[in-house]
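Participant: So here's start_7.cif (mmCIF, C-alpha atoms).
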data_run
#
loop_
_atom_site.group_PDB
_atom_site.id
_atom_site.type_symbol
_atom_site.label_atom_id
_atom_site.label_comp_id
_atom_site.auth_asym_id
_atom_site.auth_seq_id
_atom_site.Cartn_x
_atom_site.Cartn_y
_atom_site.Cartn_z
ATOM 1 C CA MET A 79 -17.047 -8.448 7.482
ATOM 2 C CA THR A 80 -18.650 -10.134 4.480
ATOM 3 C CA GLN A 81 -15.529 -9.454 2.426
ATOM 4 C CA ALA A 82 -13.287 -11.228 4.887
ATOM 5 C CA SER A 83 -15.622 -14.184 5.341
ATOM 6 C CA ALA A 84 -15.969 -14.814 1.583
ATOM 7 C CA PHE A 85 -12.225 -14.648 1.187
ATOM 8 C CA GLU A 86 -9.939 -17.654 1.770
ATOM 9 C CA THR A 87 -7.845 -16.528 4.704
ATOM 10 C CA ASP A 88 -5.788 -19.720 4.958
ATOM 11 C CA PHE A 89 -2.848 -18.904 2.715
ATOM 12 C CA TRP A 90 -1.558 -22.495 3.045
ATOM 13 C CA LYS A 91 -4.583 -23.731 1.087
ATOM 14 C CA ASP A 92 -3.669 -24.210 -2.592
ATOM 15 C CA ALA A 93 -0.061 -23.385 -1.693
ATOM 16 C CA ASN A 94 1.051 -26.372 -3.805
ATOM 17 C CA LEU A 95 -0.706 -24.875 -6.860
ATOM 18 C CA ARG A 96 1.210 -21.630 -6.721
ATOM 19 C CA LYS A 97 4.198 -20.908 -8.906
ATOM 20 C CA VAL A 98 7.580 -20.909 -7.256
ATOM 21 C CA TRP A 99 10.295 -18.460 -8.322
ATOM 22 C CA ASP A 100 11.636 -20.922 -10.916
ATOM 23 C CA GLU A 101 8.234 -21.103 -12.669
ATOM 24 C CA ILE A 102 7.377 -17.397 -12.721
ATOM 25 C CA VAL A 103 7.707 -16.112 -16.292
ATOM 26 C CA PRO A 104 8.404 -12.368 -16.550
ATOM 27 C CA GLY A 105 5.986 -10.812 -19.022
ATOM 28 C CA GLU A 106 3.288 -13.457 -18.572
ATOM 29 C CA PRO A 107 -0.058 -11.984 -17.403
ATOM 30 C CA ARG A 108 -1.297 -13.090 -13.990
ATOM 31 C CA LYS A 109 -4.799 -14.452 -13.611
ATOM 32 C CA THR A 110 -6.978 -11.755 -12.032
ATOM 33 C CA ILE A 111 -10.624 -11.416 -11.015
ATOM 34 C CA PRO A 112 -12.922 -8.352 -11.070
ATOM 35 C CA TYR A 113 -13.836 -7.105 -7.609
ATOM 36 C CA LYS A 114 -16.772 -5.016 -6.446
ATOM 37 C CA LEU A 115 -15.347 -2.504 -3.985
ATOM 38 C CA THR A 116 -17.888 -1.876 -1.225
ATOM 39 C CA LEU A 117 -18.073 1.007 1.222
ATOM 40 C CA GLU A 118 -17.770 -1.590 3.982
ATOM 41 C CA ALA A 119 -14.459 -2.892 2.595
ATOM 42 C CA ILE A 120 -13.093 0.651 2.179
ATOM 43 C CA GLN A 121 -14.006 1.579 5.736
ATOM 44 C CA LEU A 122 -12.592 -1.645 7.206
ATOM 45 C CA TYR A 123 -9.300 -0.937 5.424
ATOM 46 C CA CYS A 124 -9.442 2.687 6.677
ATOM 47 C CA ARG A 125 -9.898 1.575 10.271
ATOM 48 C CA SER A 126 -6.905 -0.758 10.030
ATOM 49 C CA VAL A 127 -4.566 2.205 9.395
ATOM 50 C CA GLY A 128 -6.503 4.779 11.413
ATOM 51 C CA GLU A 129 -7.803 6.682 8.373
ATOM 52 C CA ASP A 130 -10.685 8.873 9.533
ATOM 53 C CA HIS A 131 -10.961 11.552 6.843
ATOM 54 C CA PRO A 132 -14.610 12.451 6.110
ATOM 55 C CA LEU A 133 -13.986 11.870 2.374
ATOM 56 C CA TYR A 134 -14.068 8.160 3.269
ATOM 57 C CA PHE A 135 -16.865 8.244 5.887
ATOM 58 C CA ASP A 136 -19.201 11.236 5.522
ATOM 59 C CA GLU A 137 -21.136 11.276 2.276
ATOM 60 C CA ALA A 138 -22.825 14.625 2.941
ATOM 61 C CA TYR A 139 -19.393 16.210 3.417
ATOM 62 C CA ALA A 140 -17.844 14.395 0.463
ATOM 63 C CA LYS A 141 -20.570 15.725 -1.840
ATOM 64 C CA THR A 142 -19.539 19.286 -1.034
ATOM 65 C CA THR A 143 -15.943 18.665 -2.190
ATOM 66 C CA SER A 144 -14.469 18.573 -5.678
ATOM 67 C CA TYR A 145 -14.646 14.758 -5.447
ATOM 68 C CA GLY A 146 -18.450 14.947 -5.461
ATOM 69 C CA GLY A 147 -18.904 11.916 -3.203
ATOM 70 C CA LEU A 148 -17.186 9.308 -1.091
ATOM 71 C CA ILE A 149 -13.858 7.966 -2.308
ATOM 72 C CA ALA A 150 -11.322 5.395 -1.118
ATOM 73 C CA PRO A 151 -7.870 6.475 0.086
ATOM 74 C CA PRO A 152 -5.122 6.107 -2.561
ATOM 75 C CA SER A 153 -3.570 3.223 -0.630
ATOM 76 C CA ILE A 154 -6.678 1.069 -1.215
ATOM 77 C CA HIS A 155 -4.588 -0.877 -3.769
ATOM 78 C CA ILE A 156 -3.148 -2.710 -0.757
ATOM 79 C CA LEU A 157 -6.558 -4.405 -0.416
ATOM 80 C CA LEU A 158 -7.246 -4.572 -4.154
ATOM 81 C CA MET A 159 -4.058 -6.577 -4.775
ATOM 82 C CA PHE A 160 -5.444 -9.521 -2.810
ATOM 83 C CA ALA A 161 -9.103 -8.911 -3.701
ATOM 84 C CA CYS A 162 -8.393 -9.084 -7.457
ATOM 85 C CA THR A 163 -6.224 -12.220 -7.459
ATOM 86 C CA PRO A 164 -7.222 -15.880 -7.034
ATOM 87 C CA THR A 165 -6.122 -18.189 -4.217
ATOM 88 C CA ASP A 166 -3.454 -19.864 -6.359
ATOM 89 C CA ASP A 167 -1.739 -16.549 -7.115
ATOM 90 C CA TRP A 168 1.900 -16.505 -6.000
ATOM 91 C CA MET A 169 1.478 -13.217 -4.137
ATOM 92 C CA ARG A 170 -0.189 -15.289 -1.400
ATOM 93 C CA THR A 171 2.699 -17.732 -0.990
ATOM 94 C CA PRO A 172 3.479 -17.930 2.737
ATOM 95 C CA GLY A 173 6.795 -16.269 3.488
ATOM 96 C CA THR A 174 6.599 -13.823 0.563
ATOM 97 C CA ILE A 175 8.490 -10.743 1.749
ATOM 98 C CA ASN A 176 7.695 -7.290 0.434
ATOM 99 C CA ALA A 177 10.927 -5.499 -0.464
ATOM 100 C CA GLY A 178 9.549 -2.163 -1.686
ATOM 101 C CA GLN A 179 6.793 -0.540 -3.716
ATOM 102 C CA SER A 180 6.170 2.477 -5.903
ATOM 103 C CA TRP A 181 2.685 3.594 -6.929
ATOM 104 C CA SER A 182 1.266 6.359 -9.137
ATOM 105 C CA TYR A 183 -2.286 7.594 -8.603
ATOM 106 C CA ASN A 184 -4.666 8.829 -11.286
ATOM 107 C CA LYS A 185 -8.334 8.708 -10.244
ATOM 108 C CA PRO A 186 -9.687 7.739 -6.838
ATOM 109 C CA ALA A 187 -11.514 4.434 -6.430
ATOM 110 C CA ARG A 188 -15.064 4.856 -5.164
ATOM 111 C CA PRO A 189 -17.506 2.678 -3.263
ATOM 112 C CA GLY A 190 -19.469 0.564 -5.748
ATOM 113 C CA ASP A 191 -16.695 0.515 -8.359
ATOM 114 C CA THR A 192 -15.953 -2.755 -10.108
ATOM 115 C CA ILE A 193 -12.185 -2.926 -10.094
ATOM 116 C CA THR A 194 -10.096 -4.918 -12.535
ATOM 117 C CA LEU A 195 -6.371 -5.605 -12.406
ATOM 118 C CA GLN A 196 -3.822 -6.152 -15.126
ATOM 119 C CA ALA A 197 -0.735 -7.680 -13.568
ATOM 120 C CA ARG A 198 2.406 -9.592 -14.400
ATOM 121 C CA ALA A 199 5.887 -10.262 -13.232
ATOM 122 C CA LEU A 200 8.146 -7.901 -15.156
ATOM 123 C CA ASP A 201 11.529 -9.241 -14.089
ATOM 124 C CA LYS A 202 13.160 -11.721 -11.734
ATOM 125 C CA PHE A 203 16.693 -11.843 -10.413
ATOM 126 C CA ILE A 204 18.958 -13.197 -7.675
ATOM 127 C CA LYS A 205 20.756 -10.839 -5.336
ATOM 128 C CA ARG A 206 22.815 -11.991 -2.345
ATOM 129 C CA GLU A 207 21.282 -15.473 -2.732
ATOM 130 C CA ARG A 208 17.770 -14.040 -2.446
ATOM 131 C CA LEU A 209 15.119 -14.704 -5.091
ATOM 132 C CA PHE A 210 13.497 -11.456 -6.250
ATOM 133 C CA VAL A 211 10.505 -10.834 -8.492
ATOM 134 C CA VAL A 212 9.520 -7.417 -9.833
ATOM 135 C CA HIS A 213 5.802 -7.030 -10.388
ATOM 136 C CA ASP A 214 3.875 -4.592 -12.446
ATOM 137 C CA ASN A 215 0.225 -3.831 -11.676
ATOM 138 C CA VAL A 216 -2.472 -1.522 -13.046
ATOM 139 C CA PHE A 217 -5.937 -1.160 -11.522
ATOM 140 C CA PHE A 218 -8.900 0.109 -13.576
ATOM 141 C CA ASN A 219 -12.472 1.078 -12.711
ATOM 142 C CA GLN A 220 -15.562 -0.050 -14.648
ATOM 143 C CA HIS A 221 -15.212 2.957 -16.997
ATOM 144 C CA GLY A 222 -11.748 1.853 -18.084
ATOM 145 C CA ASP A 223 -10.078 4.699 -16.192
ATOM 146 C CA VAL A 224 -6.745 3.941 -14.588
ATOM 147 C CA ILE A 225 -7.039 4.214 -10.813
ATOM 148 C CA CYS A 226 -3.403 3.573 -10.035
ATOM 149 C CA SER A 227 -0.362 1.748 -11.309
ATOM 150 C CA GLY A 228 2.466 0.329 -9.338
ATOM 151 C CA ARG A 229 5.612 -1.657 -9.247
ATOM 152 C CA GLY A 230 6.668 -3.847 -6.367
ATOM 153 C CA GLN A 231 9.483 -6.179 -5.471
ATOM 154 C CA THR A 232 9.090 -9.287 -3.383
ATOM 155 C CA ILE A 233 11.580 -11.810 -2.111
ATOM 156 C CA ARG A 234 10.293 -15.322 -2.825
ATOM 157 C CA PRO A 235 10.633 -18.160 -0.331
ATOM 158 C CA ALA A 236 13.599 -20.320 -1.384
ATOM 159 C CA MET B 261 -4.570 25.809 8.405
ATOM 160 C CA SER B 262 -4.044 24.844 4.806
ATOM 161 C CA THR B 263 -0.829 24.932 2.874
ATOM 162 C CA SER B 264 -0.333 26.616 -0.465
ATOM 163 C CA PHE B 265 2.256 25.792 -3.123
ATOM 164 C CA GLU B 266 3.629 29.344 -2.948
ATOM 165 C CA GLU B 267 4.172 29.277 0.808
ATOM 166 C CA LEU B 268 5.806 25.850 0.942
ATOM 167 C CA ALA B 269 9.565 25.853 1.444
ATOM 168 C CA VAL B 270 12.217 23.201 1.096
ATOM 169 C CA GLY B 271 12.757 21.690 4.546
ATOM 170 C CA ASP B 272 9.167 22.189 5.710
ATOM 171 C CA THR B 273 8.044 19.263 7.840
ATOM 172 C CA ILE B 274 4.838 17.252 7.742
ATOM 173 C CA ASN B 275 4.154 15.471 11.006
ATOM 174 C CA GLY B 276 2.289 12.209 10.713
ATOM 175 C CA PRO B 277 0.158 10.284 13.200
ATOM 176 C CA LYS B 278 1.640 8.068 15.873
ATOM 177 C CA PHE B 279 0.523 4.440 15.431
ATOM 178 C CA ASP B 280 0.603 1.797 18.165
ATOM 179 C CA VAL B 281 1.355 -1.640 16.759
ATOM 180 C CA SER B 282 -0.175 -4.621 18.547
ATOM 181 C CA ARG B 283 -1.215 -8.169 17.681
ATOM 182 C CA GLU B 284 -4.733 -6.734 17.347
ATOM 183 C CA SER B 285 -3.675 -3.918 14.998
ATOM 184 C CA ILE B 286 -1.813 -6.435 12.809
ATOM 185 C CA ARG B 287 -4.842 -8.749 12.805
ATOM 186 C CA LEU B 288 -7.105 -5.826 11.831
ATOM 187 C CA PHE B 289 -4.718 -4.985 8.987
ATOM 188 C CA CYS B 290 -5.036 -8.619 7.793
ATOM 189 C CA ASP B 291 -8.819 -8.114 7.610
ATOM 190 C CA GLY B 292 -8.524 -4.640 6.054
ATOM 191 C CA SER B 293 -5.971 -5.657 3.413
ATOM 192 C CA LEU B 294 -6.924 -9.339 2.945
ATOM 193 C CA ASP B 295 -3.238 -10.140 3.388
ATOM 194 C CA TYR B 296 -3.272 -13.202 5.653
ATOM 195 C CA ASN B 297 0.335 -14.208 5.102
ATOM 196 C CA PRO B 298 1.426 -16.292 8.145
ATOM 197 C CA LEU B 299 4.296 -13.796 8.611
ATOM 198 C CA HIS B 300 1.648 -11.658 10.313
ATOM 199 C CA LEU B 301 -0.378 -14.341 12.087
ATOM 200 C CA ASP B 302 1.499 -17.471 13.028
ATOM 201 C CA ASP B 303 4.063 -17.421 15.837
ATOM 202 C CA ASP B 304 5.051 -21.064 15.295
ATOM 203 C CA TYR B 305 5.741 -20.437 11.615
ATOM 204 C CA MET B 306 7.802 -17.374 12.564
ATOM 205 C CA LYS B 307 10.197 -19.552 14.585
ATOM 206 C CA ASN B 308 11.598 -20.531 11.163
ATOM 207 C CA SER B 309 14.379 -18.604 9.489
ATOM 208 C CA PHE B 310 13.809 -16.878 6.166
ATOM 209 C CA GLY B 311 17.082 -17.139 4.309
ATOM 210 C CA LYS B 312 19.442 -15.630 6.838
ATOM 211 C CA THR B 313 16.740 -13.775 8.728
ATOM 212 C CA ASN B 314 14.889 -14.904 11.842
ATOM 213 C CA PHE B 315 12.244 -12.421 12.914
ATOM 214 C CA GLY B 316 11.578 -14.147 16.257
ATOM 215 C CA GLY B 317 7.803 -13.698 16.048
ATOM 216 C CA ILE B 318 5.092 -12.149 13.905
ATOM 217 C CA ILE B 319 5.830 -8.871 12.122
ATOM 218 C CA MET B 320 3.669 -6.009 10.924
ATOM 219 C CA HIS B 321 2.809 -5.831 7.213
ATOM 220 C CA GLY B 322 5.280 -3.575 5.379
ATOM 221 C CA MET B 323 2.252 -2.090 3.638
ATOM 222 C CA ASN B 324 0.906 -0.917 6.997
ATOM 223 C CA ASN B 325 3.766 1.628 6.858
ATOM 224 C CA PHE B 326 2.667 2.505 3.335
ATOM 225 C CA GLY B 327 -0.919 3.039 4.491
ATOM 226 C CA LEU B 328 0.188 5.189 7.407
ATOM 227 C CA ILE B 329 2.419 7.369 5.194
ATOM 228 C CA THR B 330 -0.502 7.758 2.791
ATOM 229 C CA ARG B 331 -2.750 8.864 5.667
ATOM 230 C CA MET B 332 -0.190 11.522 6.639
ATOM 231 C CA LEU B 333 0.127 12.814 3.067
ATOM 232 C CA THR B 334 -3.566 12.919 2.188
ATOM 233 C CA ASP B 335 -4.556 14.539 5.513
ATOM 234 C CA TRP B 336 -1.986 17.230 4.664
ATOM 235 C CA ALA B 337 -2.891 17.546 0.978
ATOM 236 C CA TYR B 338 -6.720 17.539 0.988
ATOM 237 C CA PRO B 339 -7.188 20.879 2.818
ATOM 238 C CA ALA B 340 -4.820 22.513 0.310
ATOM 239 C CA GLY B 341 -6.744 21.100 -2.664
ATOM 240 C CA ALA B 342 -3.638 19.056 -3.461
ATOM 241 C CA ILE B 343 -3.536 15.430 -4.632
ATOM 242 C CA GLN B 344 -1.195 12.640 -3.667
ATOM 243 C CA ARG B 345 0.191 11.375 -6.995
ATOM 244 C CA ARG B 346 3.005 9.013 -6.119
ATOM 245 C CA LEU B 347 4.546 7.123 -3.234
ATOM 246 C CA GLU B 348 7.657 4.974 -3.290
ATOM 247 C CA THR B 349 8.766 3.144 -0.174
ATOM 248 C CA ARG B 350 11.237 0.567 0.989
ATOM 249 C CA TRP B 351 11.329 -1.234 4.306
ATOM 250 C CA LEU B 352 14.416 -0.927 6.475
ATOM 251 C CA LYS B 353 13.531 -2.815 9.646
ATOM 252 C CA PRO B 354 10.739 -5.156 10.726
ATOM 253 C CA VAL B 355 8.042 -3.698 13.005
ATOM 254 C CA LYS B 356 6.691 -5.885 15.828
ATOM 255 C CA PRO B 357 3.813 -5.860 18.319
ATOM 256 C CA GLY B 358 4.597 -3.356 21.075
ATOM 257 C CA ASP B 359 6.330 -0.913 18.726
ATOM 258 C CA THR B 360 5.037 2.598 18.145
ATOM 259 C CA ILE B 361 5.706 4.026 14.698
ATOM 260 C CA THR B 362 5.447 7.609 13.443
ATOM 261 C CA PRO B 363 5.775 8.819 9.854
ATOM 262 C CA VAL B 364 7.239 12.203 8.954
ATOM 263 C CA GLY B 365 7.644 14.060 5.666
ATOM 264 C CA VAL B 366 10.144 16.744 4.649
ATOM 265 C CA VAL B 367 9.660 18.897 1.552
ATOM 266 C CA LYS B 368 12.575 18.164 -0.770
ATOM 267 C CA SER B 369 11.758 20.279 -3.826
ATOM 268 C CA LYS B 370 9.045 22.133 -5.705
ATOM 269 C CA GLN B 371 8.604 22.136 -9.446
ATOM 270 C CA SER B 372 6.272 23.714 -11.975
ATOM 271 C CA THR B 373 5.540 21.926 -15.245
ATOM 272 C CA GLN B 374 3.581 23.025 -18.328
ATOM 273 C CA LYS B 375 0.233 22.302 -16.730
ATOM 274 C CA SER B 376 0.690 21.861 -13.028
ATOM 275 C CA ARG B 377 2.833 22.149 -9.907
ATOM 276 C CA TRP B 378 4.493 19.399 -7.911
ATOM 277 C CA VAL B 379 6.064 18.933 -4.517
ATOM 278 C CA LEU B 380 8.535 16.143 -3.774
ATOM 279 C CA ILE B 381 8.593 14.946 -0.191
ATOM 280 C CA ASP B 382 11.061 12.654 1.557
ATOM 281 C CA VAL B 383 9.171 10.331 3.866
ATOM 282 C CA LEU B 384 10.418 8.344 6.794
ATOM 283 C CA VAL B 385 8.830 6.125 9.455
ATOM 284 C CA ARG B 386 10.535 5.865 12.848
ATOM 285 C CA ASN B 387 9.903 3.519 15.746
ATOM 286 C CA GLN B 388 10.001 4.377 19.465
ATOM 287 C CA ARG B 389 13.769 3.796 19.534
ATOM 288 C CA ASP B 390 14.156 6.400 16.779
ATOM 289 C CA GLU B 391 15.215 3.663 14.362
ATOM 290 C CA HIS B 392 14.195 4.127 10.730
ATOM 291 C CA VAL B 393 11.781 1.344 9.750
ATOM 292 C CA ALA B 394 10.666 2.628 6.331
ATOM 293 C CA ALA B 395 11.781 5.354 3.941
ATOM 294 C CA GLY B 396 10.723 6.700 0.604
ATOM 295 C CA GLU B 397 9.614 9.597 -1.510
ATOM 296 C CA ALA B 398 6.238 11.066 -2.377
ATOM 297 C CA MET B 399 4.985 13.429 -5.065
ATOM 298 C CA VAL B 400 1.983 15.657 -4.409
ATOM 299 C CA GLU B 401 0.300 17.730 -7.124
ATOM 300 C CA PHE B 402 -0.899 21.265 -6.435
ATOM 301 C CA PRO B 403 -3.165 21.918 -9.435
ATOM 302 C CA LEU B 404 -3.217 25.454 -10.837
ATOM 303 C CA SER B 405 -6.264 27.299 -9.543
ATOM 304 C CA GLY B 406 -9.192 26.917 -11.874
ATOM 305 C CA SER B 407 -8.186 23.444 -13.049
ATOM 306 C CA THR B 408 -10.428 20.624 -11.881
ATOM 307 C CA VAL B 409 -9.158 17.848 -9.692
ATOM 308 C CA ALA B 410 -10.271 14.273 -9.076
#
Can you turn what I pasted into structure tokens?
Facilitator:
Amino acid sequence: MTQASAFETDFWKDANLRKVWDEIVPGEPRKTIPYKLTLEAIQLYCRSVGEDHPLYFDEAYAKTTSYGGLIAPPSIHILLMFACTPTDDWMRTPGTINAGQSWSYNKPARPGDTITLQARALDKFIKRERLFVVHDNVFFNQHGDVICSGRGQTIRPA
Amino acid sequence: MSTSFEELAVGDTINGPKFDVSRESIRLFCDGSLDYNPLHLDDDYMKNSFGKTNFGGIIMHGMNNFGLITRMLTDWAYPAGAIQRRLETRWLKPVKPGDTITPVGVVKSKQSTQKSRWVLIDVLVRNQRDEHVAAGEAMVEFPLSGSTVA
């Protein structure tokens, strides 16, 4: 649980520093931080959705597969999104509602990888009085390989 | 019991795992995903309305659906040597503690391209009342034999 204890879990902290919908500039890069993805973090995420495939847990098995070793499930970007962004990032704003996501997967993330994120808002709009932001995210490993890329929409607190 | 691209047919079903949602499962997802938004933690906060919506209590992370759909797809794809390449989802209804959700996939189409083969799958997550809580589409690659994956 070292990941969780080092991480600021009070999303109200620094809430006043975060950009509101009005201040979010589409096209402007978000501040991101490199993150060392540990086996422990992968397996904690796995347990939270009931993932039990041996590719995530059994190194001896994983070595016999075409992956050649342990990997993370594709959906690990759910964790990486918060792990690679600072506490004043607007994705943490309390009341942020996820309205949909699409992700493309290239290479699997692996335990020990140092993950970096390139992210920005791509668009923002108002629909039925709700404040939407479209975000665009790409995760890379330490070799510069794309792990996955995705687009999401959130509804911002008014 | 693995699937091959040749044998797959439009309409084939992929049955996903049943998932019991509780305050504990939501809390564990907070720790697993590092998403500690009070939507998922704070009952007092959830007495507020969000625009026109009042959820009446904490709700499950939408991305918990996404993770569960992924688990269904990869558990189906790995034994066939196939790779999950894309997943698009949208949320239709909030999921709350006490709900049981189950994802399902239905093969929508198959397509060969210059260098590989692809299967498009409609995905859906239902709750115990048979209501649709999430829907989307996935794309799984079935590499030509002899090509290397990963």
Participant: Which chain B residues are at most 8 Å from chain A (counting all atoms listed in the file), as a VMD selection string?
Facilitator: chain B and resid 285 288 to 289 291 to 299 310 to 311 322 to 324 326 to 328 330 to 331 335 344 to 351 408 to 410
Participant: What residues come out when you apply the PyMOL selection byres ((chain B and resi 343) around 7) to this file, written as a compact mmCIF listing (two decimals) with C-alpha atoms, keeping the file's coordinate frame?
Facilitator:
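The result, stored in out_25.txt:
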# COMPACT_ATOMS: atom_id res chain seq x y z
CA ALA B 337 -2.89 17.55 0.98
CA TYR B 338 -6.72 17.54 0.99
CA GLY B 341 -6.74 21.10 -2.66
CA ALA B 342 -3.64 19.06 -3.46
CA GLN B 344 -1.20 12.64 -3.67
CA ARG B 345 0.19 11.38 -7.00
CA VAL B 400 1.98 15.66 -4.41
CA GLU B 401 0.30 17.73 -7.12
CA PHE B 402 -0.90 21.26 -6.44
Participant: Show me, as a PyMOL selection string, the residues that have an atom within 6 Å of region 275-279 of chain B when counting only C-alpha atoms, minus same-chain residues fewer than 2 positions from it.
Facilitator: chain B and resi 332+360-364
Participant: Any idea what the distance is between CA of Pro403 (chain B) and CA of Ser376 (chain B)?
Facilitator: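 We find that CA of Pro403 (chain B) and CA of Ser376 (chain B) lie 5.3 Å from each other.
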Participant: Report as a list in words the residues that result from applying the PyMOL selection byres ((chain A and resi 202) around 7) to the structure here.
Facilitator: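 After applying the PyMOL selection byres ((chain A and resi 202) around 7), what remains is Pro104, Asp201, Phe203, Phe210, Val211 and Val212 of chain A.
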Participant: Need the shell around Gly365 (chain B): protein/DNA/RNA residues with any atom at most 7 Å away, counting all atoms listed in the file. Skip same-chain ones fewer than 3 positions apart. Format as a PyMOL selection string?
Facilitator: chain B and resi 273-275+381-384
Participant: Mind giving me the straight-line distance from CA of Trp378 (chain B) to CA of Tyr134 (chain A) in Å, one decimal?
Facilitator: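 Between CA of Trp378 (chain B) and CA of Tyr134 (chain A) the gap is 24.4 Å.
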